[in-house]
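Note: the block below is data30.txt and it holds compact mmCIF, C-alpha atoms.
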# COMPACT_ATOMS: atom_id res chain seq x y z
CA MET A 1 7.56 27.53 5.77
CA ILE A 2 10.96 26.30 4.75
CA GLU A 3 14.22 27.98 5.74
CA ILE A 4 17.75 27.09 4.73
CA ASP A 5 20.54 28.09 7.10
CA ARG A 6 23.30 29.14 4.70
CA ASN A 7 25.88 28.96 7.47
CA LYS A 8 25.15 25.30 8.08
CA CYS A 9 24.79 24.41 4.38
CA THR A 10 27.91 22.67 3.08
CA GLY A 11 26.80 22.50 -0.55
CA CYS A 12 26.62 18.69 -0.53
CA ASN A 13 23.73 18.83 -3.04
CA VAL A 14 21.60 16.17 -1.33
CA CYS A 15 18.61 18.49 -0.89
CA TYR A 16 18.92 19.52 -4.53
CA ASN A 17 19.04 15.87 -5.60
CA VAL A 18 16.00 14.68 -3.65
CA CYS A 19 13.59 17.57 -4.29
CA PRO A 20 10.68 16.26 -6.43
CA GLN A 21 9.74 19.76 -7.56
CA ASN A 22 13.24 21.07 -8.33
CA VAL A 23 12.62 24.12 -6.17
CA ILE A 24 15.99 23.86 -4.43
CA LYS A 25 18.83 25.40 -6.41
CA MET A 26 22.53 25.74 -5.72
CA GLU A 27 24.54 28.95 -5.93
CA ASN A 28 28.13 29.30 -4.77
CA LYS A 29 27.83 25.89 -3.09
CA LYS A 30 24.87 27.03 -1.03
CA ALA A 31 21.30 25.82 -1.38
CA TYR A 32 18.42 28.24 -1.80
CA ILE A 33 14.71 28.02 -2.59
CA GLU A 34 13.44 29.19 -5.95
CA ASN A 35 9.69 29.49 -6.50
CA TYR A 36 8.62 28.72 -2.93
CA ILE A 37 5.01 28.41 -4.08
CA ASN A 38 5.96 25.24 -5.96
CA CYS A 39 7.50 23.70 -2.84
CA MET A 40 5.21 21.02 -1.43
CA GLU A 41 6.99 21.05 1.94
CA CYS A 42 7.19 17.29 1.61
CA GLY A 43 10.24 17.24 3.85
CA ALA A 44 12.56 15.25 1.55
CA CYS A 45 15.26 17.92 1.77
CA ALA A 46 15.11 18.35 5.54
CA LEU A 47 15.05 14.60 6.19
CA ASN A 48 18.11 14.05 4.03
CA CYS A 49 20.15 17.06 5.14
CA GLN A 50 22.85 15.70 7.44
CA PHE A 51 23.89 19.18 8.58
CA ASP A 52 20.55 20.25 10.01
CA ALA A 53 20.57 23.21 7.66
CA ILE A 54 16.92 22.99 6.63
CA ASN A 55 14.13 24.01 8.93
CA LEU A 56 10.74 22.87 7.68
CA THR A 57 7.40 21.92 9.12
CA LYS A 58 6.44 18.86 7.16
CA GLY A 59 2.80 18.29 6.48
CA THR A 60 0.26 16.87 4.12
CA GLY A 61 -2.02 19.12 2.12
CA CYS A 62 -4.98 16.84 2.82
CA LEU A 63 -8.11 18.73 3.88
CA GLY A 64 -9.14 16.13 6.45
CA ALA A 65 -5.68 16.02 7.99
CA ILE A 66 -5.37 19.80 8.27
CA ILE A 67 -8.81 20.11 9.86
CA LYS A 68 -8.08 17.39 12.43
CA GLU A 69 -4.39 18.09 13.08
CA ASP A 70 -4.01 21.85 12.71
CA ILE A 71 -7.41 23.48 13.10
CA LEU A 72 -9.32 21.30 15.55
CA LYS A 73 -6.13 19.73 16.98
CA ILE A 74 -7.95 16.50 17.79
CA THR A 75 -5.35 14.13 16.33
CA GLU A 76 -1.58 13.96 16.36
CA LYS A 77 0.57 15.10 13.43
CA GLY A 78 0.61 12.55 10.64
CA THR A 79 -2.50 10.70 11.77
CA GLY A 80 -5.24 13.01 10.54
CA CYS A 81 -5.79 11.80 7.00
CA GLY A 82 -6.45 8.19 7.95
CA CYS A 83 -4.47 6.62 5.09
CA GLY A 84 -3.08 3.27 6.12
CA ASP A 85 -4.34 3.45 9.67
CA GLY A 86 -5.67 -0.08 9.43
CA LYS A 87 -9.28 1.06 9.58
CA ASN A 88 -9.77 0.79 5.84
CA SER A 89 -10.62 4.46 5.91
CA SER A 90 -10.35 6.96 3.13
CA CYS A 91 -8.78 10.37 2.93
CA CYS A 92 -7.55 13.21 0.76
CA MET B 93 32.25 -6.74 4.75
CA ASN B 94 29.52 -5.08 6.74
CA ASN B 95 26.33 -6.90 5.89
CA SER B 96 24.07 -5.10 8.31
CA CYS B 97 21.51 -4.76 5.52
CA CYS B 98 20.77 -8.50 5.63
CA SER B 99 20.25 -11.40 7.97
CA ASN B 100 21.82 -14.84 8.21
CA GLU B 101 18.63 -16.63 7.27
CA SER B 102 17.30 -17.08 3.78
CA GLY B 103 13.94 -15.61 2.89
CA ILE B 104 11.50 -16.69 0.20
CA ILE B 105 11.89 -14.89 -3.11
CA LYS B 106 8.81 -15.12 -5.29
CA LYS B 107 8.19 -14.37 -8.94
CA LEU B 108 6.05 -11.28 -9.33
CA ASP B 109 2.99 -12.30 -11.27
CA PHE B 110 -0.50 -10.99 -11.79
CA ASN B 111 -3.54 -12.71 -13.23
CA PHE B 112 -6.89 -11.68 -14.68
CA LEU B 113 -8.48 -11.29 -11.23
CA ASP B 114 -5.76 -8.84 -10.25
CA MET B 115 -7.02 -6.49 -12.95
CA PHE B 116 -10.28 -6.14 -11.03
CA LYS B 117 -8.40 -5.61 -7.78
CA SER B 118 -6.34 -2.88 -9.42
CA PHE B 119 -9.47 -1.30 -10.86
CA TYR B 120 -11.00 -1.30 -7.39
CA CYS B 121 -7.85 0.41 -6.10
CA LEU B 122 -8.19 3.03 -8.82
CA LEU B 123 -11.81 3.75 -7.93
CA PHE B 124 -11.35 3.75 -4.17
CA VAL B 125 -7.78 4.92 -4.04
CA PHE B 126 -7.33 4.93 -0.28
CA LYS B 127 -9.46 1.92 0.58
CA ASN B 128 -6.54 -0.38 1.10
CA LYS B 129 -8.50 -3.60 0.76
CA PHE B 130 -6.02 -5.26 -1.59
CA VAL B 131 -2.36 -5.22 -0.73
CA ILE B 132 0.71 -7.01 -2.02
CA THR B 133 2.50 -9.13 0.55
CA PRO B 134 5.76 -7.34 1.38
CA GLY B 135 8.99 -9.09 0.44
CA LEU B 136 11.44 -9.65 -2.35
CA TYR B 137 10.14 -10.59 -5.78
CA TYR B 138 11.68 -10.97 -9.21
CA SER B 139 10.50 -10.41 -12.75
CA GLY B 140 11.71 -12.00 -15.97
CA ASP B 141 12.86 -15.59 -16.35
CA GLU B 142 14.56 -16.26 -13.05
CA TYR B 143 15.97 -14.60 -9.97
CA ASP B 144 19.18 -12.83 -10.93
CA ILE B 145 21.29 -11.61 -8.03
CA ASN B 146 23.05 -9.15 -10.33
CA SER B 147 19.86 -7.56 -11.63
CA PRO B 148 18.81 -4.09 -10.42
CA MET B 149 16.57 -3.95 -7.37
CA LEU B 150 13.56 -1.62 -7.47
CA VAL B 151 11.85 -0.66 -4.24
CA THR B 152 8.13 0.02 -4.19
CA CYS B 153 5.10 0.26 -1.92
CA ASN B 154 2.56 -2.54 -1.43
CA TYR B 155 -0.39 -0.66 -2.93
CA HIS B 156 -1.88 -3.23 -5.30
CA LEU B 157 -2.40 -0.86 -8.21
CA THR B 158 1.16 0.53 -8.08
CA VAL B 159 2.78 -2.90 -8.07
CA HIS B 160 0.46 -4.14 -10.83
CA LEU B 161 1.26 -1.16 -13.05
CA LEU B 162 4.96 -1.55 -12.31
CA TRP B 163 4.78 -5.24 -13.22
CA ASN B 164 3.17 -4.35 -16.55
CA ILE B 165 6.16 -2.20 -17.37
CA ILE B 166 8.97 -4.45 -16.20
CA LYS B 167 7.59 -8.00 -16.49
CA ASN B 168 9.86 -8.99 -19.37
CA ARG B 169 13.04 -7.77 -17.71
CA ASN B 170 15.20 -9.58 -15.21
CA LEU B 171 14.73 -7.36 -12.19
CA ARG B 172 14.35 -7.62 -8.45
CA ILE B 173 11.46 -5.83 -6.76
CA LEU B 174 11.46 -5.17 -3.05
CA VAL B 175 7.88 -4.55 -1.93
CA ILE B 176 7.81 -2.85 1.44
CA ASP B 177 4.91 -2.62 3.87
CA THR B 178 3.26 0.75 3.37
CA LYS B 179 -0.12 -0.45 4.68
CA GLY B 180 -1.49 -0.61 1.16
CA ILE B 181 -0.85 3.07 0.48
CA ASN B 182 0.84 4.50 -2.62
CA VAL B 183 4.45 5.72 -2.66
CA TRP B 184 3.82 9.46 -2.36
CA CYS B 185 1.26 9.31 0.46
CA SER B 186 3.09 6.63 2.41
CA SER B 187 6.43 8.44 2.24
CA GLY B 188 4.72 11.61 3.46
CA LYS B 189 3.42 9.71 6.45
CA GLY B 190 6.72 7.92 7.06
CA GLN B 191 5.52 4.42 6.15
CA PHE B 192 7.72 4.31 3.07
CA SER B 193 10.90 4.75 5.04
CA SER B 194 14.50 3.63 5.25
CA LYS B 195 13.60 1.69 8.39
CA GLU B 196 10.90 -0.25 6.53
CA ILE B 197 13.31 -0.96 3.65
CA LEU B 198 15.91 -2.28 6.12
CA LYS B 199 13.23 -4.34 7.86
CA GLN B 200 12.25 -6.05 4.61
CA LEU B 201 15.86 -6.63 3.55
CA ALA B 202 16.58 -8.15 6.95
CA GLY B 203 14.37 -11.06 5.93
CA TYR B 204 16.99 -12.23 3.43
CA SER B 205 20.55 -13.43 3.72
CA ALA B 206 23.48 -11.53 2.24
CA GLU B 207 24.06 -14.39 -0.20
CA GLN B 208 20.55 -13.90 -1.57
CA LEU B 209 20.97 -10.20 -2.08
CA THR B 210 24.50 -9.39 -3.14
CA THR B 211 27.64 -10.95 -4.49
CA GLY B 212 29.79 -8.99 -2.07
CA LYS B 213 29.31 -5.55 -3.51
CA LYS B 214 27.37 -2.86 -1.73
CA LEU B 215 23.69 -3.57 -2.37
CA GLU B 216 22.34 -1.06 -4.87
CA ILE B 217 18.62 -0.26 -4.65
CA ILE B 218 16.53 2.05 -6.82
CA LEU B 219 14.05 4.22 -5.00
CA PRO B 220 11.11 6.10 -6.51
CA LYS B 221 11.98 9.79 -6.35
CA LEU B 222 8.62 10.47 -4.73
CA SER B 223 9.66 8.34 -1.75
CA MET B 224 12.39 10.77 -0.71
CA SER B 225 10.21 12.50 1.87
CA GLY B 226 10.25 9.29 3.91
CA VAL B 227 13.62 7.76 3.08
CA SER B 228 16.87 8.81 4.70
CA LEU B 229 19.63 8.10 2.18
CA SER B 230 22.33 8.40 4.83
CA GLU B 231 20.66 5.75 6.99
CA LEU B 232 20.69 3.35 4.03
CA ASN B 233 24.30 4.17 3.27
CA GLN B 234 25.26 3.41 6.86
CA ASN B 235 23.75 -0.04 6.39
CA PHE B 236 25.92 -0.96 3.42
CA ILE B 237 23.29 -0.01 0.87
CA ASN B 238 23.85 2.18 -2.13
CA PRO B 239 20.53 3.98 -2.72
CA ARG B 240 19.81 5.42 -6.14
CA ILE B 241 17.22 8.14 -6.63
CA GLY B 242 15.10 6.71 -9.41
CA THR B 243 12.43 8.18 -11.60
CA VAL B 244 9.32 10.07 -10.56
CA TYR B 245 7.24 8.23 -13.15
CA MET B 246 7.32 4.45 -13.49
CA ASN B 247 6.96 4.72 -17.26
CA ASP B 248 10.48 6.19 -17.30
CA ILE B 249 11.95 3.13 -15.55
CA PRO B 250 12.85 1.16 -18.74
CA ASP B 251 14.76 4.14 -20.13
CA TYR B 252 16.44 4.65 -16.76
CA LEU B 253 17.53 1.01 -16.59
CA ASP B 254 18.82 1.06 -20.15
CA ASN B 255 21.43 3.64 -19.21
CA MET B 256 23.97 1.85 -17.05
CA PRO B 257 25.64 2.61 -14.70
CA LEU B 258 22.61 3.88 -12.83
CA LYS B 259 22.62 7.53 -11.88
CA ASP B 260 20.39 9.62 -9.63
CA ARG B 261 17.48 11.20 -11.53
CA ILE B 262 18.12 14.67 -10.21
CA GLU B 263 16.18 16.56 -12.86
CA ASP B 264 13.06 14.38 -12.58
CA LYS B 265 10.13 16.47 -11.50
CA PHE B 266 6.54 15.76 -10.56
CA LYS B 267 4.63 17.50 -13.35
CA PHE B 268 0.99 17.06 -12.31
CA ASN B 269 0.04 17.06 -15.97
CA LEU B 270 -3.35 16.08 -17.41
CA LYS B 271 -2.58 12.36 -17.16
CA ASP B 272 -1.63 12.74 -13.48
CA ARG B 273 -4.77 14.73 -12.81
CA LEU B 274 -7.05 12.30 -14.66
CA PHE B 275 -5.66 9.56 -12.42
CA THR B 276 -7.14 11.47 -9.47
CA LEU B 277 -10.47 12.11 -11.19
CA THR B 278 -12.42 8.93 -10.47
CA PRO B 279 -11.50 8.54 -6.79
CA SER B 280 -12.03 12.26 -6.22
CA LEU B 281 -15.42 12.12 -7.90
CA ILE B 282 -16.49 9.07 -5.91
CA GLN B 283 -15.35 10.47 -2.58
CA PHE B 284 -16.65 13.97 -3.15
CA THR B 285 -20.02 12.82 -4.49
CA LYS B 286 -20.58 11.13 -1.12
CA TYR B 287 -20.80 14.57 0.51
CA THR B 288 -23.19 15.96 -2.10
CA PHE B 289 -25.26 12.79 -1.94
CA PHE B 290 -26.01 13.47 1.73
CA MET B 291 -26.83 17.09 0.93
CA ALA B 292 -29.13 15.95 -1.89
CA ALA B 293 -30.81 13.48 0.50
CA ALA B 294 -31.55 16.32 2.93
CA LEU B 295 -32.99 18.44 0.12
CA PHE B 296 -35.02 15.46 -1.09
CA ILE B 297 -36.61 15.04 2.34
CA TRP B 298 -37.38 18.77 2.47
CA ASN B 299 -38.86 18.54 -1.03
CA TYR B 300 -41.13 15.70 0.17
CA PHE B 301 -42.84 18.07 2.61
CA PHE B 302 -42.47 21.34 0.73
CA LYS B 303 -42.39 21.12 -3.04
CA THR B 304 -39.18 23.00 -3.85
CA ASN B 305 -38.21 20.81 -6.83
CA ILE B 306 -34.56 21.21 -5.93
CA HIS B 307 -32.73 18.12 -4.68
CA TYR B 308 -30.89 15.75 -7.07
CA GLN B 309 -29.65 18.65 -9.21
CA ILE B 310 -26.82 19.39 -6.81
CA ILE B 311 -25.18 16.04 -7.58
CA PRO B 312 -24.59 16.75 -11.30
CA ILE B 313 -23.58 20.32 -10.42
CA SER B 314 -20.87 19.14 -8.04
CA MET B 315 -19.77 16.45 -10.50
CA ILE B 316 -19.44 18.99 -13.31
CA ILE B 317 -17.45 21.30 -11.02
CA SER B 318 -15.17 18.43 -9.91
CA ILE B 319 -14.43 17.26 -13.46
CA LEU B 320 -13.82 20.75 -14.82
CA TYR B 321 -11.65 21.70 -11.84
CA ILE B 322 -9.39 18.68 -12.31
CA VAL B 323 -9.15 18.99 -16.10
CA PHE B 324 -8.58 22.75 -16.22
CA PHE B 325 -6.61 23.02 -12.96
CA PRO B 326 -3.45 24.65 -14.40
CA ILE B 327 -5.27 27.23 -16.50
CA LEU B 328 -7.67 28.37 -13.78
CA PRO B 329 -6.42 31.78 -12.56
CA THR B 330 -4.02 32.18 -9.61
CA LYS B 331 -2.13 29.54 -7.62
CA ASN B 332 -4.72 29.65 -4.86
CA PHE B 333 -6.95 26.55 -4.92
CA SER B 334 -10.05 28.34 -3.59
CA ILE B 335 -9.81 31.29 -5.97
CA LYS B 336 -9.47 28.81 -8.83
CA GLY B 337 -12.70 27.27 -7.51
CA ILE B 338 -14.48 30.65 -7.40
CA PHE B 339 -13.44 31.45 -10.99
CA LEU B 340 -14.62 28.04 -12.17
CA ALA B 341 -17.98 28.43 -10.39
CA LEU B 342 -18.55 31.86 -11.93
CA PHE B 343 -17.69 30.45 -15.35
CA VAL B 344 -20.10 27.52 -14.92
CA ILE B 345 -22.85 29.85 -13.65
CA ALA B 346 -22.35 32.15 -16.64
CA VAL B 347 -22.51 29.25 -19.11
CA PHE B 348 -25.68 27.88 -17.51
CA ALA B 349 -27.25 31.36 -17.47
CA VAL B 350 -26.61 31.75 -21.20
CA ILE B 351 -28.00 28.27 -21.95
CA LEU B 352 -31.14 28.95 -19.89
CA MET B 353 -31.64 32.30 -21.60
CA LEU B 354 -31.26 30.71 -25.02
CA LEU B 355 -33.73 27.98 -24.08
CA LYS B 356 -36.02 30.66 -22.59
CA VAL B 357 -36.28 28.77 -19.31
CA ASN B 358 -37.50 30.87 -16.40
CA ILE B 359 -36.09 30.23 -12.94
CA SER B 360 -37.41 31.98 -9.86
CA LEU B 361 -35.26 34.48 -7.99
CA LEU B 362 -34.93 32.19 -4.97
CA SER B 363 -33.93 29.20 -7.11
CA SER B 364 -31.37 31.33 -8.98
CA ALA B 365 -29.94 32.57 -5.68
CA PHE B 366 -29.73 28.96 -4.46
CA TYR B 367 -27.89 27.73 -7.56
CA ILE B 368 -25.43 30.64 -7.53
CA LEU B 369 -24.56 30.34 -3.83
CA PHE B 370 -24.44 26.55 -3.88
CA THR B 371 -22.27 26.38 -7.01
CA ILE B 372 -19.71 28.83 -5.62
CA GLY B 373 -19.77 27.17 -2.20
CA ILE B 374 -19.38 23.62 -3.52
CA SER B 375 -16.67 24.71 -5.94
CA VAL B 376 -14.60 26.25 -3.13
CA PHE B 377 -15.20 23.15 -1.02
CA PHE B 378 -14.04 20.88 -3.83
CA ALA B 379 -10.98 23.09 -4.38
CA LEU B 380 -10.02 22.68 -0.72
CA TYR B 381 -10.76 18.96 -0.83
CA TYR B 382 -8.52 18.63 -3.89
CA THR B 383 -5.49 20.08 -2.09
CA GLY B 384 -4.82 16.60 -0.72
CA ALA B 385 -5.08 14.83 -4.06
CA SER B 386 -3.28 17.46 -6.09
CA GLY B 387 0.33 16.67 -5.27
CA VAL B 388 1.33 20.28 -5.85
CA SER B 389 -0.05 21.81 -2.68
CA ASN B 390 2.20 23.72 -0.32
CA TYR B 391 1.35 22.63 3.22
CA SER B 392 1.77 26.06 4.90
CA LEU B 393 -0.16 27.93 2.21
CA VAL B 394 -2.90 25.30 2.05
CA LYS B 395 -3.25 25.39 5.83
CA LYS B 396 -3.88 29.15 5.73
CA GLU B 397 -6.20 28.74 2.77
CA ILE B 398 -8.30 26.10 4.50
CA ALA B 399 -8.57 28.22 7.64
CA GLY B 400 -9.72 31.17 5.54
CA TYR B 401 -11.89 29.64 2.83
CA LEU B 402 -13.47 26.58 4.45
CA PRO B 403 -15.81 28.75 6.56
CA VAL B 404 -16.62 30.73 3.38
CA SER B 405 -17.63 27.57 1.53
CA PHE B 406 -19.70 26.35 4.48
CA LEU B 407 -21.44 29.72 4.77
CA LEU B 408 -22.23 29.77 1.06
CA ILE B 409 -23.65 26.24 1.12
CA LEU B 410 -25.55 26.96 4.35
CA SER B 411 -26.98 30.17 2.85
CA SER B 412 -28.13 28.25 -0.21
CA PHE B 413 -29.89 25.72 2.03
CA ILE B 414 -31.57 28.50 4.03
CA ILE B 415 -32.87 29.85 0.71
CA ILE B 416 -34.36 26.43 -0.06
CA ILE B 417 -36.02 26.37 3.38
CA ILE B 418 -37.48 29.84 2.72
CA LYS B 419 -38.57 28.77 -0.76
CA GLY B 420 -40.26 25.69 0.70
CA VAL B 421 -42.23 27.47 3.40
CA SER B 422 -43.16 30.38 1.14
CA ILE B 423 -44.81 28.18 -1.50

So, in terms of structure tokens, how does the structure I just supplied come out?
Amino acid sequence: MIEIDRNKCTGCNVCYNVCPQNVIKMENKKAYIENYINCMECGACALNCQFDAINLTKGTGCLGAIIKEDILKITEKGTGCGCGDGKNSSCC
Amino acid sequence: MNNSCCSNESGIIKKLDFNFLDMFKSFYCLLFVFKNKFVITPGLYYSGDEYDINSPMLVTCNYHLTVHLLWNIIKNRNLRILVIDTKGINVWCSSGKGQFSSKEILKQLAGYSAEQLTTGKKLEIILPKLSMSGVSLSELNQNFINPRIGTVYMNDIPDYLDNMPLKDRIEDKFKFNLKDRLFTLTPSLIQFTKYTFFMAAALFIWNYFFKTNIHYQIIPISMIISILYIVFFPILPTKNFSIKGIFLALFVIAVFAVILMLLKVNISLLSSAFYILFTIGISVFFALYYTGASGVSNYSLVKKEIAGYLPVSFLLILSSFIIIIIKGVSI
């Protein structure tokens, strides 16, 4: 899930600028989410918000990663899909 | 001037160039998208006639195919290309994992002196918009870098560069259109067929002892499902990947049923039950597999969907295999 704390939001527009799906909109200098289902939860907005106004659990939609990281919990976050782990493995 | 972006020592700046052999490397990358066998050495490159310190600087990953395609688009322009070490992974995946990051950009820039990078102005760099999930703009700003949010698609880069001064591409959006989806088709097919190949091998062994006559057929079935799913993804009902898969399976089953009726081909009840259960099961499994390649999947929703539908797909496939076992022993 993604949550925007309107009290912390200063209307700087950075989250709006970086969103690759244009799901963040601005209204009265406050950011809000429109069409949450289109949000990929990629984390671009939260990473670039300097006011800690966006609460989001970043993750990859990769089947292998979700099974290993979230369901079986056998690997750490961000390591489940195997991309670029130096083992020449495949994922997604 | 704060030159914390750069070092005091000069680094080697090479001309970005690709030859005939690189086409095969790129093709390999396309087929086996995450087998990072071929990578571009990270560092600063230039395109065009000569290195021009005043030319725009594009930042990209070191996935061979990405850099090759980028080079095809910009090779006749005087540009600077900073290739960062993303372990051979494309921009979107590496930024999601944090490999395409502001730290990595700063690390690569630190290999060059300020005199090599800028004429005193703040260093302007152009980032792919899809790298934003790994790049902190404020961190770059703090290091005397002016980051620009570039285009989502590299084909839009020439148009973007033609409109100076550079602006952030705020309205750029990842569309996941047919071209984007077709790009995922071959690697998805290759990877997914591996799973069905093992299933077909098991059925083949069973067929050796008990003549069921059902084994290789599951490979074309899963390939047909995969291709249709990718091509018709946006028009399959609902936003839920698995339900899209169920609808597609039912459609494929219906089409095959009509064809078999028209051809007056008789299939036994057990074989029919196998094909129906397997097709639905494999279609749901492919749908869940495709969440990672789709680029439009919502992590929280996909997580719930996988927890709910993965057991369903396994049960359907398992049931279909139990039917084949029964068919085998009952002959």

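Counting all atoms listed in the file, the residue from A:Gly64, A:Gly59, A:Gly43, A:Gly11 that sits nearest to Lys25 of chain A is A:Gly11.
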
query = If we count all atoms listed in the file, which residues of chain B reach to within 8 Å of chain A? Please list them as a ChimeraX atom specification.
reply = /B:125-129,178-181,185-186,188-189,221-222,224-230,241,244,260-266,380-385,387-392,394-395,398-399

ask   = So what do you get for atom CA of Asn164 of chain B versus atom CA of Thr276 of chain B, distance-wise?
value =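 One can read the atom CA of Asn164 of chain B to atom CA of Thr276 of chain B distance as 20.2 Å.
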
task = Just the residues within 9 Å of Leu328 of chain B, please, counting all atoms listed in the file, with nothing from its chain fewer than 4 positions along; format it as a ChimeraX atom specification.
result = /B:321,324,335-337,339-340

request  = Work out how far apart atom CA of Ser280 of chain B and atom CA of Ile374 of chain B are and give it in Å to one decimal.
outcome  = 13.8 Å
